[in-house]
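Below you'll find the structure, written out as structure tokens, and then a few comments.
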Amino acid sequence: ILASLKLAYGFGQLVNGQLAERISPRKLLAVGMLGSATLNILFGFSTGFYFLLFIWACNGYCQALGWTPCMRVTSNWIPVSLRGKAIGIIGTGYQITLGMTFFVAGQSAEWLGWRAAFYVPSAMLVSAAIVMLLFLRESPDASTEADSNEDDADLPPKIKSSIKENLFLTLSNPLLWLLGRSEEHTSELQSRTNLVCRLLLEKKNNTYTNTSPPFTPSLPPPPPLRSPPTHALPST
């Protein structure tokens with residue numbers, strides 16, 4: 001089930017990168033945030049394996065609607081000379097909020113049951129989507145756009161490529177495959193670290209909570225030995 005989310009997320013990044021160039025980032029972000037919240041709620045109500053697999057894969061695709069629209073808005077607001085720093089700050093914020101989700105979901109499950117680990121973050125995500133729809137401006141006003149993007153003046157005019165050309169340029173870039181392999185190893189290391197931490201935490205909890213003596217299997221006592229029967233000798 002977890003692998004289905006990762007696969008759908010990777011596929012969604014490839015597709016949504018093209019959609020973000022042609023569709024309003026606010027609309028894509030709204031679909032991704034509200035869709036992910038809805039799917040998390042459905043996951044909490046579900047029990048069947050294949051249905052859970054389908055729901056979690058769809059959730060992975062909806063979560064892939066977050067990064068590319070954000071980069072579109074960032075490029076509209078931030079000049080070229082500052083975009084690297086801006087992307088670093090945004091990426092750091094992604095990791096911080098990722099860590100916060102573990103804390104929020106864990107506390108929700110502890111106080112309200114395991115299903116609340118899906119419901120409470122979903123409610124927070126819906127609230128964030130409403131704030132985004134109310135206050136996000138995709139680009140600066142026309143009066144300030146020239147000042148904010150003055151570094152773009154020396155660049156050649158942008159020519160939109162077709163989706164086929166974009167995909168070819170993307171997939172034929174060796175640096176992209178190198179970054180993909182690096183991300184794969186990073187995710188594998190993170191998964192192993194999480195597993196080790198979970199096992200250590202379970203061992204610690206068992207040490208403090210299991211006060212009963214260890215179980216030692218006992219065998220039933222052997223039957224008592226019987227003395228051999230004695231036969232009286234016949235009298236002569």
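Numbering starts fresh at 1 for the residues of each chain in the structure tokens, the chains themselves are lettered A, B, ... in the order given, and ligands are numbered from 1 as they appear.
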Practice item. Name all residues at most 12 Å from A:Trp56 (count only C-alpha atoms; drop same-chain ones fewer than 3 positions away) and give them as number ranges by chain. Key: A: 1-9, 35-44, 46, 49-53, 59-63, 118
Got a sec: who's within 12 Å of stretch 122-139 of chain A, counting only C-alpha atoms, leaving out chain neighbours fewer than 6 positions off, as an mmCIF file with N, CA and C atoms, in the first residue's frame?
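Output (around_5.cif):
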```cif
data_model
loop_
_atom_site.group_PDB
_atom_site.id
_atom_site.type_symbol
_atom_site.label_atom_id
_atom_site.label_comp_id
_atom_site.auth_asym_id
_atom_site.auth_seq_id
_atom_site.Cartn_x
_atom_site.Cartn_y
_atom_site.Cartn_z
ATOM 1 N N ALA A 20 1.056 22.169 -14.748
ATOM 2 C CA ALA A 20 1.280 23.434 -14.047
ATOM 3 C C ALA A 20 1.643 24.562 -14.994
ATOM 4 N N ILE A 23 -2.334 25.217 -16.535
ATOM 5 C CA ILE A 23 -3.521 25.376 -15.687
ATOM 6 C C ILE A 23 -3.135 26.242 -14.493
ATOM 7 N N SER A 24 -4.105 26.969 -13.972
ATOM 8 C CA SER A 24 -3.873 27.865 -12.842
ATOM 9 C C SER A 24 -3.306 27.098 -11.651
ATOM 10 N N PRO A 25 -2.194 27.566 -11.059
ATOM 11 C CA PRO A 25 -1.640 26.883 -9.882
ATOM 12 C C PRO A 25 -2.617 26.833 -8.712
ATOM 13 N N ARG A 26 -3.438 27.848 -8.543
ATOM 14 C CA ARG A 26 -4.416 27.830 -7.443
ATOM 15 C C ARG A 26 -5.381 26.677 -7.607
ATOM 16 N N LYS A 27 -5.811 26.421 -8.831
ATOM 17 C CA LYS A 27 -6.750 25.328 -9.073
ATOM 18 C C LYS A 27 -6.074 23.978 -8.817
ATOM 19 N N LEU A 28 -4.836 23.839 -9.280
ATOM 20 C CA LEU A 28 -4.136 22.572 -9.063
ATOM 21 C C LEU A 28 -3.878 22.327 -7.580
ATOM 22 N N LEU A 29 -3.466 23.372 -6.873
ATOM 23 C CA LEU A 29 -3.239 23.218 -5.436
ATOM 24 C C LEU A 29 -4.534 22.886 -4.710
ATOM 25 N N ALA A 30 -5.621 23.523 -5.088
ATOM 26 C CA ALA A 30 -6.907 23.245 -4.438
ATOM 27 C C ALA A 30 -7.332 21.798 -4.672
ATOM 28 N N VAL A 31 -7.192 21.317 -5.911
ATOM 29 C CA VAL A 31 -7.561 19.929 -6.206
ATOM 30 C C VAL A 31 -6.680 18.967 -5.417
ATOM 31 N N GLY A 32 -5.380 19.250 -5.362
ATOM 32 C CA GLY A 32 -4.473 18.361 -4.652
ATOM 33 C C GLY A 32 -4.739 18.338 -3.154
ATOM 34 N N MET A 33 -4.896 19.501 -2.537
ATOM 35 C CA MET A 33 -5.074 19.566 -1.085
ATOM 36 C C MET A 33 -6.424 19.003 -0.663
ATOM 37 N N LEU A 34 -7.487 19.429 -1.310
ATOM 38 C CA LEU A 34 -8.819 18.932 -0.946
ATOM 39 C C LEU A 34 -8.979 17.459 -1.318
ATOM 40 N N GLY A 35 -8.395 17.060 -2.448
ATOM 41 C CA GLY A 35 -8.465 15.650 -2.833
ATOM 42 C C GLY A 35 -7.716 14.762 -1.860
ATOM 43 N N SER A 36 -6.529 15.183 -1.429
ATOM 44 C CA SER A 36 -5.764 14.391 -0.475
ATOM 45 C C SER A 36 -6.485 14.292 0.864
ATOM 46 N N ALA A 37 -7.094 15.390 1.313
ATOM 47 C CA ALA A 37 -7.842 15.354 2.567
ATOM 48 C C ALA A 37 -9.020 14.385 2.478
ATOM 49 N N THR A 38 -9.744 14.426 1.365
ATOM 50 C CA THR A 38 -10.883 13.520 1.187
ATOM 51 C C THR A 38 -10.445 12.062 1.158
ATOM 52 N N LEU A 39 -9.346 11.780 0.474
ATOM 53 C CA LEU A 39 -8.870 10.406 0.375
ATOM 54 C C LEU A 39 -8.361 9.887 1.712
ATOM 55 N N ASN A 40 -7.757 10.760 2.520
ATOM 56 C CA ASN A 40 -7.337 10.332 3.858
ATOM 57 C C ASN A 40 -8.529 9.969 4.725
ATOM 58 N N ILE A 41 -9.606 10.737 4.612
ATOM 59 C CA ILE A 41 -10.812 10.419 5.377
ATOM 60 C C ILE A 41 -11.396 9.086 4.912
ATOM 61 N N LEU A 42 -11.441 8.868 3.603
ATOM 62 C CA LEU A 42 -11.943 7.595 3.084
ATOM 63 C C LEU A 42 -11.058 6.435 3.526
ATOM 64 N N PHE A 43 -9.760 6.651 3.587
ATOM 65 C CA PHE A 43 -8.857 5.598 4.033
ATOM 66 C C PHE A 43 -9.158 5.196 5.472
ATOM 67 N N GLY A 44 -9.507 6.175 6.308
ATOM 68 C CA GLY A 44 -9.834 5.859 7.692
ATOM 69 C C GLY A 44 -11.102 5.046 7.840
ATOM 70 N N ASN A 59 -4.191 9.058 -3.464
ATOM 71 C CA ASN A 59 -3.651 10.062 -2.546
ATOM 72 C C ASN A 59 -2.242 10.474 -2.964
ATOM 73 N N GLN A 63 -1.075 14.296 -3.848
ATOM 74 C CA GLN A 63 0.029 14.952 -3.180
ATOM 75 C C GLN A 63 1.077 15.454 -4.175
ATOM 76 N N GLY A 66 1.303 19.287 -5.419
ATOM 77 C CA GLY A 66 1.742 20.350 -4.537
ATOM 78 C C GLY A 66 3.000 21.057 -5.005
ATOM 79 N N PRO A 69 2.948 23.257 -8.818
ATOM 80 C CA PRO A 69 2.288 24.564 -8.781
ATOM 81 C C PRO A 69 3.010 25.571 -7.889
ATOM 82 N N CYS A 70 3.595 25.082 -6.787
ATOM 83 C CA CYS A 70 4.367 25.985 -5.924
ATOM 84 C C CYS A 70 5.559 26.569 -6.678
ATOM 85 N N MET A 71 6.240 25.746 -7.482
ATOM 86 C CA MET A 71 7.365 26.244 -8.259
ATOM 87 C C MET A 71 6.913 27.234 -9.333
ATOM 88 N N ARG A 72 5.734 27.031 -9.870
ATOM 89 C CA ARG A 72 5.198 27.981 -10.849
ATOM 90 C C ARG A 72 4.964 29.338 -10.194
ATOM 91 N N VAL A 73 4.350 29.343 -9.021
ATOM 92 C CA VAL A 73 4.099 30.603 -8.313
ATOM 93 C C VAL A 73 5.420 31.241 -7.887
ATOM 94 N N THR A 74 6.368 30.418 -7.439
ATOM 95 C CA THR A 74 7.664 30.947 -7.022
ATOM 96 C C THR A 74 8.382 31.642 -8.175
ATOM 97 N N SER A 75 8.334 31.025 -9.355
ATOM 98 C CA SER A 75 8.996 31.638 -10.512
ATOM 99 C C SER A 75 8.315 32.929 -10.932
ATOM 100 N N ASN A 76 7.013 33.060 -10.661
ATOM 101 C CA ASN A 76 6.318 34.300 -10.996
ATOM 102 C C ASN A 76 6.685 35.438 -10.047
ATOM 103 N N TRP A 77 6.982 35.109 -8.794
ATOM 104 C CA TRP A 77 7.227 36.135 -7.793
ATOM 105 C C TRP A 77 8.711 36.439 -7.572
ATOM 106 N N ILE A 78 9.576 35.448 -7.697
ATOM 107 C CA ILE A 78 10.971 35.587 -7.291
ATOM 108 C C ILE A 78 11.849 35.789 -8.520
ATOM 109 N N PRO A 79 12.744 36.769 -8.500
ATOM 110 C CA PRO A 79 13.668 36.946 -9.626
ATOM 111 C C PRO A 79 14.646 35.783 -9.715
ATOM 112 N N THR A 97 7.327 20.429 7.875
ATOM 113 C CA THR A 97 5.915 20.046 7.987
ATOM 114 C C THR A 97 5.745 18.532 7.894
ATOM 115 N N MET A 100 6.223 17.363 11.290
ATOM 116 C CA MET A 100 5.085 17.729 12.131
ATOM 117 C C MET A 100 3.906 16.792 11.917
ATOM 118 N N THR A 101 3.757 16.259 10.700
ATOM 119 C CA THR A 101 2.645 15.348 10.458
ATOM 120 C C THR A 101 2.759 14.083 11.305
ATOM 121 N N VAL A 104 1.581 15.124 14.826
ATOM 122 C CA VAL A 104 0.133 15.368 14.891
ATOM 123 C C VAL A 104 -0.634 14.056 14.749
ATOM 124 N N ALA A 105 -0.226 13.230 13.778
ATOM 125 C CA ALA A 105 -0.920 11.953 13.582
ATOM 126 C C ALA A 105 -0.738 11.039 14.781
ATOM 127 N N SER A 108 -2.901 12.321 17.668
ATOM 128 C CA SER A 108 -4.316 12.089 17.354
ATOM 129 C C SER A 108 -4.694 10.635 17.566
ATOM 130 N N ARG A 115 -7.899 5.883 13.779
ATOM 131 C CA ARG A 115 -8.526 6.532 12.621
ATOM 132 C C ARG A 115 -8.360 8.044 12.667
ATOM 133 N N ALA A 116 -8.224 8.586 13.865
ATOM 134 C CA ALA A 116 -8.036 10.042 13.983
ATOM 135 C C ALA A 116 -6.714 10.482 13.374
ATOM 136 N N GLU A 145 5.439 43.955 -11.381
ATOM 137 C CA GLU A 145 6.035 42.773 -12.020
ATOM 138 C C GLU A 145 7.369 43.099 -12.659
ATOM 139 N N ALA A 146 7.491 44.301 -13.247
ATOM 140 C CA ALA A 146 8.751 44.657 -13.894
ATOM 141 C C ALA A 146 9.874 44.784 -12.883
ATOM 142 N N SER A 148 10.065 43.280 -9.824
ATOM 143 C CA SER A 148 10.386 42.009 -9.177
ATOM 144 C C SER A 148 11.111 41.060 -10.106
ATOM 145 N N ASN A 149 10.890 41.214 -11.429
ATOM 146 C CA ASN A 149 11.512 40.310 -12.396
ATOM 147 C C ASN A 149 12.484 41.053 -13.299
#
```
